[in-house]
file coords-v3.txt (compact mmCIF, C-alpha atoms)
# COMPACT_ATOMS: atom_id res chain seq x y z
CA MET A 1 16.07 -10.58 6.66
CA PRO A 2 19.41 -12.42 6.30
CA LEU A 3 19.47 -12.93 10.08
CA LEU A 4 15.92 -14.30 10.04
CA ILE A 5 16.84 -16.69 7.27
CA ALA A 6 19.98 -17.83 9.06
CA ASN A 7 18.60 -18.08 12.60
CA GLY A 8 14.83 -18.14 12.37
CA PRO A 9 12.80 -16.00 14.74
CA ASP A 10 14.91 -17.13 17.71
CA LEU A 11 17.64 -14.61 16.89
CA SER A 12 18.56 -12.21 19.67
CA THR A 13 18.05 -8.46 19.72
CA LYS A 14 21.78 -8.16 20.33
CA GLU A 15 22.41 -9.95 16.99
CA ILE A 16 19.89 -7.69 15.27
CA ALA A 17 21.49 -4.55 16.73
CA GLN A 18 24.98 -5.68 15.69
CA ALA A 19 23.83 -6.41 12.14
CA ALA A 20 22.08 -3.02 11.93
CA GLY A 21 25.04 -1.18 13.47
CA VAL A 22 22.96 0.32 16.28
CA ALA A 23 22.72 -0.02 20.03
CA GLU A 24 20.35 -2.73 21.22
CA GLY A 25 18.14 -0.17 22.98
CA THR A 26 17.66 1.71 19.70
CA ILE A 27 15.62 -1.21 18.34
CA PHE A 28 13.04 -0.74 21.07
CA ARG A 29 12.56 2.93 20.22
CA VAL A 30 10.96 1.75 16.97
CA PHE A 31 9.56 -1.68 17.91
CA GLU A 32 7.90 -2.59 21.19
CA THR A 33 8.97 -6.23 20.97
CA LYS A 34 11.26 -8.46 18.98
CA ALA A 35 8.15 -10.13 17.56
CA ASP A 36 7.02 -6.74 16.20
CA LEU A 37 10.40 -6.37 14.47
CA VAL A 38 10.23 -9.89 13.01
CA HIS A 39 6.72 -9.26 11.69
CA ALA A 40 7.69 -5.89 10.21
CA THR A 41 10.62 -7.54 8.43
CA LEU A 42 8.40 -10.31 7.06
CA ASP A 43 5.71 -7.82 6.03
CA ALA A 44 8.27 -5.91 3.98
CA ALA A 45 9.67 -9.09 2.43
CA LEU A 46 6.20 -10.41 1.58
CA THR A 47 5.02 -7.32 -0.27
CA PRO A 48 4.35 -8.54 -3.82
CA THR A 49 6.36 -5.77 -5.49
CA GLU A 50 7.83 -7.88 -8.31
CA ALA A 51 4.52 -9.63 -9.02
CA LEU A 52 2.71 -6.29 -9.25
CA ALA A 53 5.39 -4.99 -11.60
CA ALA A 54 5.00 -8.12 -13.75
CA LEU A 55 1.22 -7.58 -13.89
CA ASN A 56 1.75 -3.97 -14.95
CA ALA A 57 4.25 -5.02 -17.61
CA LEU A 58 2.00 -7.51 -19.42
CA PRO A 59 1.93 -6.90 -23.18
CA GLU A 60 -1.08 -5.00 -24.47
CA ASP A 61 -1.54 -7.25 -27.49
CA GLN A 62 -2.44 -10.41 -25.54
CA THR A 63 -5.66 -12.30 -26.12
CA LEU A 64 -7.88 -12.83 -23.09
CA ILE A 65 -6.60 -16.41 -22.76
CA GLN A 66 -2.97 -15.27 -22.95
CA ARG A 67 -3.64 -12.57 -20.36
CA LEU A 68 -5.38 -14.99 -18.01
CA ALA A 69 -2.53 -17.50 -18.38
CA ALA A 70 0.07 -14.81 -17.66
CA ILE A 71 -1.81 -13.62 -14.59
CA ILE A 72 -2.25 -17.19 -13.32
CA GLN A 73 1.49 -17.79 -13.69
CA ILE A 74 2.40 -14.55 -11.91
CA VAL A 75 0.03 -15.26 -9.02
CA ALA A 76 1.19 -18.88 -8.73
CA ASP A 77 4.85 -17.82 -8.73
CA GLU A 78 4.12 -15.29 -6.00
CA MET A 79 2.47 -18.02 -3.91
CA VAL A 80 5.60 -20.16 -4.26
CA ARG A 81 7.84 -17.22 -3.32
CA THR A 82 5.76 -16.51 -0.23
CA ARG A 83 5.66 -20.15 0.87
CA THR A 84 9.41 -20.53 0.26
CA LEU A 85 10.12 -17.46 2.36
CA PHE A 86 8.10 -18.84 5.28
CA VAL A 87 9.73 -22.26 5.04
CA THR A 88 13.18 -20.68 4.84
CA VAL A 89 12.61 -18.44 7.84
CA PHE A 90 10.57 -20.72 10.06
CA GLY A 91 11.50 -24.13 8.72
CA LYS A 92 10.82 -27.02 11.00
CA PRO A 93 10.97 -26.97 14.81
CA PRO A 94 12.70 -25.70 16.92
CA HIS A 95 11.85 -22.53 14.99
CA GLY A 96 8.32 -21.37 15.44
CA GLN A 97 6.43 -18.29 14.50
CA PRO A 98 6.80 -15.40 16.94
CA PRO A 99 3.63 -14.33 18.70
CA LYS A 100 1.52 -12.06 16.52
CA PRO A 101 0.93 -8.49 17.62
CA PRO A 102 -2.71 -7.51 18.21
CA ASP A 103 -4.66 -6.80 15.02
CA HIS A 104 -1.82 -8.20 12.90
CA ARG A 105 -3.42 -8.76 9.48
CA PRO A 106 -0.94 -7.45 6.89
CA HIS A 107 -1.89 -10.25 4.49
CA LEU A 108 -5.15 -8.38 3.88
CA LYS A 109 -3.20 -5.36 2.63
CA ARG A 110 -1.06 -7.57 0.36
CA LEU A 111 -4.17 -9.36 -0.91
CA GLU A 112 -5.80 -6.02 -1.72
CA LEU A 113 -2.65 -4.92 -3.60
CA PHE A 114 -2.79 -8.14 -5.59
CA ARG A 115 -6.50 -7.84 -6.32
CA THR A 116 -5.97 -4.30 -7.56
CA GLY A 117 -3.07 -5.44 -9.77
CA ILE A 118 -5.13 -8.27 -11.25
CA ALA A 119 -8.12 -5.96 -11.84
CA THR A 120 -5.88 -3.46 -13.61
CA ALA A 121 -4.37 -6.21 -15.77
CA LEU A 122 -7.83 -7.46 -16.73
CA ASP A 123 -9.48 -4.08 -17.23
CA PRO A 124 -8.78 -3.92 -21.01
CA TYR A 125 -10.67 -7.24 -21.33
CA SER A 126 -13.69 -6.31 -19.18
CA ASP A 127 -16.03 -6.29 -22.19
CA GLN A 128 -15.19 -9.98 -22.77
CA LEU A 129 -16.05 -11.05 -19.22
CA SER A 130 -19.45 -12.33 -18.09
CA VAL A 131 -18.69 -11.65 -14.42
CA PRO A 132 -17.13 -8.70 -12.58
CA ILE A 133 -13.34 -8.44 -12.73
CA GLU A 134 -13.19 -8.91 -8.95
CA LYS A 135 -14.75 -12.39 -9.27
CA VAL A 136 -12.28 -13.32 -12.00
CA GLY A 137 -9.47 -12.15 -9.71
CA GLN A 138 -10.78 -14.35 -6.90
CA LEU A 139 -10.97 -17.33 -9.24
CA ILE A 140 -7.46 -16.74 -10.60
CA THR A 141 -6.08 -16.51 -7.07
CA ALA A 142 -7.88 -19.70 -6.01
CA VAL A 143 -6.72 -21.61 -9.11
CA SER A 144 -3.15 -20.37 -8.70
CA VAL A 145 -2.96 -21.37 -5.06
CA ALA A 146 -4.63 -24.75 -5.61
CA GLY A 147 -2.57 -25.43 -8.72
CA ARG A 148 0.63 -25.06 -6.72
CA MET A 149 -0.58 -26.86 -3.62
CA PHE A 150 -2.21 -29.94 -5.07
CA SER A 151 -0.27 -30.69 -8.23
CA PRO A 152 2.31 -33.49 -8.13
CA ASN A 153 5.66 -32.34 -6.80
CA GLN A 154 4.24 -28.86 -6.25
CA GLN A 155 4.51 -28.20 -9.99
CA PHE A 156 1.97 -26.01 -11.71
CA ASP A 157 0.18 -27.33 -14.78
CA ASP A 158 0.17 -25.39 -18.02
CA PRO A 159 -1.27 -21.92 -17.29
CA ILE A 160 -2.86 -21.80 -20.78
CA GLU A 161 -4.89 -24.89 -19.87
CA TRP A 162 -6.05 -23.22 -16.65
CA ALA A 163 -6.82 -19.99 -18.51
CA GLU A 164 -8.95 -21.91 -21.02
CA LEU A 165 -10.77 -23.59 -18.16
CA ILE A 166 -11.45 -20.27 -16.43
CA ALA A 167 -12.54 -18.60 -19.67
CA HIS A 168 -14.69 -21.42 -21.07
CA GLY A 169 -15.64 -23.61 -18.10
CA ILE A 170 -15.80 -27.37 -18.02
CA ALA A 171 -18.81 -27.99 -20.27
CA LYS A 172 -18.41 -29.13 -23.89
CA GLY A 173 -19.79 -26.96 -26.66
CA ASN A 174 -22.62 -24.59 -25.83
CA GLN A 175 -23.89 -26.53 -22.83

call {"tool": "encode", "arguments": {"input": "coords-v3.txt", "output": "structure tokens"}}
result
Amino acid sequence: MPLLIANGPDLSTKEIAQAAGVAEGTIFRVFETKADLVHATLDAALTPTEALAALNALPEDQTLIQRLAAIIQIVADEMVRTRTLFVTVFGKPPHGQPPKPPDHRPHLKRLELFRTGIATALDPYSDQLSVPIEKVGQLITAVSVAGRMFSPNQQFDDPIEWAELIAHGIAKGNQ
């Protein structure tokens, strides 16, 4: 990963081998191409390990609004971490993304990990929800991504405000 950050995906297999302390040919015993190695490195770096741990560590005594706000913040922070990693590695031209291997869809695995983490974090509140937990997870993810992408200066608004909006909607009173 440090080589990717320093050089982008244009680094050589000789540089990779030197950094790993192996012969250059050894790399190709594990990876068919340099692009496969780059993608495997990114896949490992993009696994939301810390975010999942944060979801699992949420306090049990939270209200639904507090829990929603905490989940929104964790998801939004993970989106920023992911975007920052891509910008750091690939930056602006001349760096470009390496060609993707066939059937390369690791983001689906990470998304499923996240959805499971969110569902687990919301499970104690399932009796307070009017929709399935999976739908709430989709909404939280959408709000978290949009909140980071479209807010001024890429700043995220107050997660409590977003949690209130998710929990109570946009209508006043009982409308």

call {"tool": "closest_residue", "arguments": {"input": "coords-v3.txt", "among": "A:Val22, A:Pro48, A:Lys14, A:Ile140", "to": "Lys34 (chain A)", "atoms": "only C-alpha atoms"}}
result
A:Lys14

call {"tool": "residues_around", "arguments": {"input": "coords-v3.txt", "residues": "region 66-68 of chain A", "least_positions_apart": "2", "cutoff": "8 Å", "atoms": "only C-alpha atoms", "output": "VMD selection string"}}
result
chain A and resid 58 62 to 64 70 to 72 121 to 122 140 160 163

call {"tool": "residues_around", "arguments": {"input": "coords-v3.txt", "residues": "region 17-21 of chain A", "least_positions_apart": "3", "cutoff": "12 Å", "atoms": "only C-alpha atoms", "output": "JSON, numbers by chain"}}
result
{"A": [1, 2, 3, 4, 11, 12, 13, 14, 24, 25, 26, 27, 28, 34, 37]}

call {"tool": "atom_distance", "arguments": {"input": "coords-v3.txt", "atom1": "CA of Thr84 (chain A)", "atom2": "CA of Arg110 (chain A)"}}
result
16.7 Å

call {"tool": "atom_distance", "arguments": {"input": "coords-v3.txt", "atom1": "CA of Gly8 (chain A)", "atom2": "CA of Ala45 (chain A)"}}
result
14.4 Å

call {"tool": "residues_around", "arguments": {"input": "coords-v3.txt", "residues": "Ala76 (chain A)", "least_positions_apart": "3", "cutoff": "7 Å", "atoms": "all atoms listed in the file", "output": "MDAnalysis selection string"}}
result
chainID A and resid 72:73 79:80 144:145 148

call {"tool": "closest_residue", "arguments": {"input": "coords-v3.txt", "among": "A:Phe114, A:Tyr125, A:Phe90, A:Phe31", "to": "Ala53 (chain A)", "atoms": "only C-alpha atoms"}}
result
A:Phe114

call {"tool": "atom_distance", "arguments": {"input": "coords-v3.txt", "atom1": "CA of Glu134 (chain A)", "atom2": "CA of Glu78 (chain A)"}}
result
18.7 Å

call {"tool": "closest_residue", "arguments": {"input": "coords-v3.txt", "among": "A:Glu15, A:Glu112, A:Glu161, A:Asp127", "to": "Thr47 (chain A)", "atoms": "only C-alpha atoms"}}
result
A:Glu112

call {"tool": "closest_residue", "arguments": {"input": "coords-v3.txt", "among": "A:Glu164, A:Asp158, A:Asp43, A:Asp10", "to": "Leu85 (chain A)", "atoms": "all atoms listed in the file"}}
result
A:Asp43

call {"tool": "build_atoms", "arguments": {"input": "coords-v3.txt", "residues": "region 63-96 of chain A", "atoms": "N, CA and C atoms", "output": "mmCIF file, in the frame of the given file"}}
result
data_model
loop_
_atom_site.group_PDB
_atom_site.id
_atom_site.type_symbol
_atom_site.label_atom_id
_atom_site.label_comp_id
_atom_site.auth_asym_id
_atom_site.auth_seq_id
_atom_site.Cartn_x
_atom_site.Cartn_y
_atom_site.Cartn_z
ATOM 1 N N THR A 63 -4.259 -11.895 -26.109
ATOM 2 C CA THR A 63 -5.660 -12.300 -26.120
ATOM 3 C C THR A 63 -6.094 -12.470 -24.669
ATOM 4 N N LEU A 64 -7.387 -12.612 -24.450
ATOM 5 C CA LEU A 64 -7.880 -12.830 -23.090
ATOM 6 C C LEU A 64 -7.246 -14.079 -22.490
ATOM 7 N N ILE A 65 -7.177 -15.159 -23.256
ATOM 8 C CA ILE A 65 -6.600 -16.410 -22.760
ATOM 9 C C ILE A 65 -5.126 -16.209 -22.392
ATOM 10 N N GLN A 66 -4.381 -15.533 -23.243
ATOM 11 C CA GLN A 66 -2.970 -15.270 -22.950
ATOM 12 C C GLN A 66 -2.828 -14.421 -21.682
ATOM 13 N N ARG A 67 -3.699 -13.427 -21.545
ATOM 14 C CA ARG A 67 -3.640 -12.570 -20.360
ATOM 15 C C ARG A 67 -3.981 -13.363 -19.099
ATOM 16 N N LEU A 68 -5.025 -14.165 -19.165
ATOM 17 C CA LEU A 68 -5.380 -14.990 -18.010
ATOM 18 C C LEU A 68 -4.241 -15.935 -17.642
ATOM 19 N N ALA A 69 -3.640 -16.567 -18.636
ATOM 20 C CA ALA A 69 -2.530 -17.500 -18.380
ATOM 21 C C ALA A 69 -1.354 -16.770 -17.743
ATOM 22 N N ALA A 70 -1.045 -15.581 -18.219
ATOM 23 C CA ALA A 70 0.070 -14.810 -17.660
ATOM 24 C C ALA A 70 -0.223 -14.419 -16.212
ATOM 25 N N ILE A 71 -1.449 -13.994 -15.951
ATOM 26 C CA ILE A 71 -1.810 -13.620 -14.590
ATOM 27 C C ILE A 71 -1.767 -14.829 -13.671
ATOM 28 N N ILE A 72 -2.290 -15.961 -14.126
ATOM 29 C CA ILE A 72 -2.250 -17.190 -13.320
ATOM 30 C C ILE A 72 -0.811 -17.539 -12.971
ATOM 31 N N GLN A 73 0.085 -17.460 -13.941
ATOM 32 C CA GLN A 73 1.490 -17.790 -13.690
ATOM 33 C C GLN A 73 2.121 -16.829 -12.687
ATOM 34 N N ILE A 74 1.845 -15.548 -12.830
ATOM 35 C CA ILE A 74 2.400 -14.550 -11.910
ATOM 36 C C ILE A 74 1.900 -14.797 -10.488
ATOM 37 N N VAL A 75 0.607 -15.021 -10.344
ATOM 38 C CA VAL A 75 0.030 -15.260 -9.020
ATOM 39 C C VAL A 75 0.591 -16.558 -8.421
ATOM 40 N N ALA A 76 0.662 -17.591 -9.219
ATOM 41 C CA ALA A 76 1.190 -18.880 -8.730
ATOM 42 C C ALA A 76 2.652 -18.736 -8.307
ATOM 43 N N ASP A 77 3.447 -18.025 -9.095
ATOM 44 C CA ASP A 77 4.850 -17.820 -8.730
ATOM 45 C C ASP A 77 4.981 -17.035 -7.432
ATOM 46 N N GLU A 78 4.100 -16.068 -7.243
ATOM 47 C CA GLU A 78 4.120 -15.290 -6.000
ATOM 48 C C GLU A 78 3.766 -16.175 -4.804
ATOM 49 N N MET A 79 2.832 -17.098 -4.996
ATOM 50 C CA MET A 79 2.470 -18.020 -3.910
ATOM 51 C C MET A 79 3.675 -18.890 -3.531
ATOM 52 N N VAL A 80 4.411 -19.351 -4.521
ATOM 53 C CA VAL A 80 5.600 -20.160 -4.260
ATOM 54 C C VAL A 80 6.651 -19.332 -3.533
ATOM 55 N N ARG A 81 6.856 -18.095 -3.968
ATOM 56 C CA ARG A 81 7.840 -17.220 -3.320
ATOM 57 C C ARG A 81 7.481 -16.999 -1.856
ATOM 58 N N THR A 82 6.218 -16.749 -1.595
ATOM 59 C CA THR A 82 5.760 -16.510 -0.230
ATOM 60 C C THR A 82 5.942 -17.755 0.633
ATOM 61 N N ARG A 83 5.525 -18.897 0.113
ATOM 62 C CA ARG A 83 5.660 -20.150 0.870
ATOM 63 C C ARG A 83 7.138 -20.471 1.113
ATOM 64 N N THR A 84 7.980 -20.261 0.117
ATOM 65 C CA THR A 84 9.410 -20.530 0.260
ATOM 66 C C THR A 84 10.021 -19.637 1.324
ATOM 67 N N LEU A 85 9.609 -18.381 1.351
ATOM 68 C CA LEU A 85 10.120 -17.460 2.360
ATOM 69 C C LEU A 85 9.750 -17.941 3.773
ATOM 70 N N PHE A 86 8.508 -18.345 3.958
ATOM 71 C CA PHE A 86 8.100 -18.840 5.280
ATOM 72 C C PHE A 86 8.854 -20.101 5.665
ATOM 73 N N VAL A 87 9.008 -21.028 4.731
ATOM 74 C CA VAL A 87 9.730 -22.260 5.040
ATOM 75 C C VAL A 87 11.185 -21.953 5.353
ATOM 76 N N THR A 88 11.784 -21.034 4.613
ATOM 77 C CA THR A 88 13.180 -20.680 4.840
ATOM 78 C C THR A 88 13.365 -20.037 6.206
ATOM 79 N N VAL A 89 12.471 -19.136 6.564
ATOM 80 C CA VAL A 89 12.610 -18.440 7.840
ATOM 81 C C VAL A 89 12.221 -19.321 9.011
ATOM 82 N N PHE A 90 11.071 -19.985 8.908
ATOM 83 C CA PHE A 90 10.570 -20.720 10.060
ATOM 84 C C PHE A 90 10.911 -22.192 10.038
ATOM 85 N N GLY A 91 11.096 -22.740 8.850
ATOM 86 C CA GLY A 91 11.500 -24.130 8.720
ATOM 87 C C GLY A 91 10.719 -25.072 9.606
ATOM 88 N N LYS A 92 11.400 -26.031 10.099
ATOM 89 C CA LYS A 92 10.820 -27.020 11.000
ATOM 90 C C LYS A 92 11.224 -26.654 12.428
ATOM 91 N N PRO A 93 10.566 -27.222 13.426
ATOM 92 C CA PRO A 93 10.970 -26.970 14.810
ATOM 93 C C PRO A 93 12.476 -27.194 14.949
ATOM 94 N N PRO A 94 13.190 -26.468 15.804
ATOM 95 C CA PRO A 94 12.700 -25.700 16.920
ATOM 96 C C PRO A 94 12.178 -24.304 16.566
ATOM 97 N N HIS A 95 12.371 -23.848 15.345
ATOM 98 C CA HIS A 95 11.850 -22.530 14.990
ATOM 99 C C HIS A 95 10.336 -22.566 15.030
ATOM 100 N N GLY A 96 9.764 -21.506 15.449
ATOM 101 C CA GLY A 96 8.320 -21.370 15.440
ATOM 102 C C GLY A 96 7.996 -19.922 15.157
#
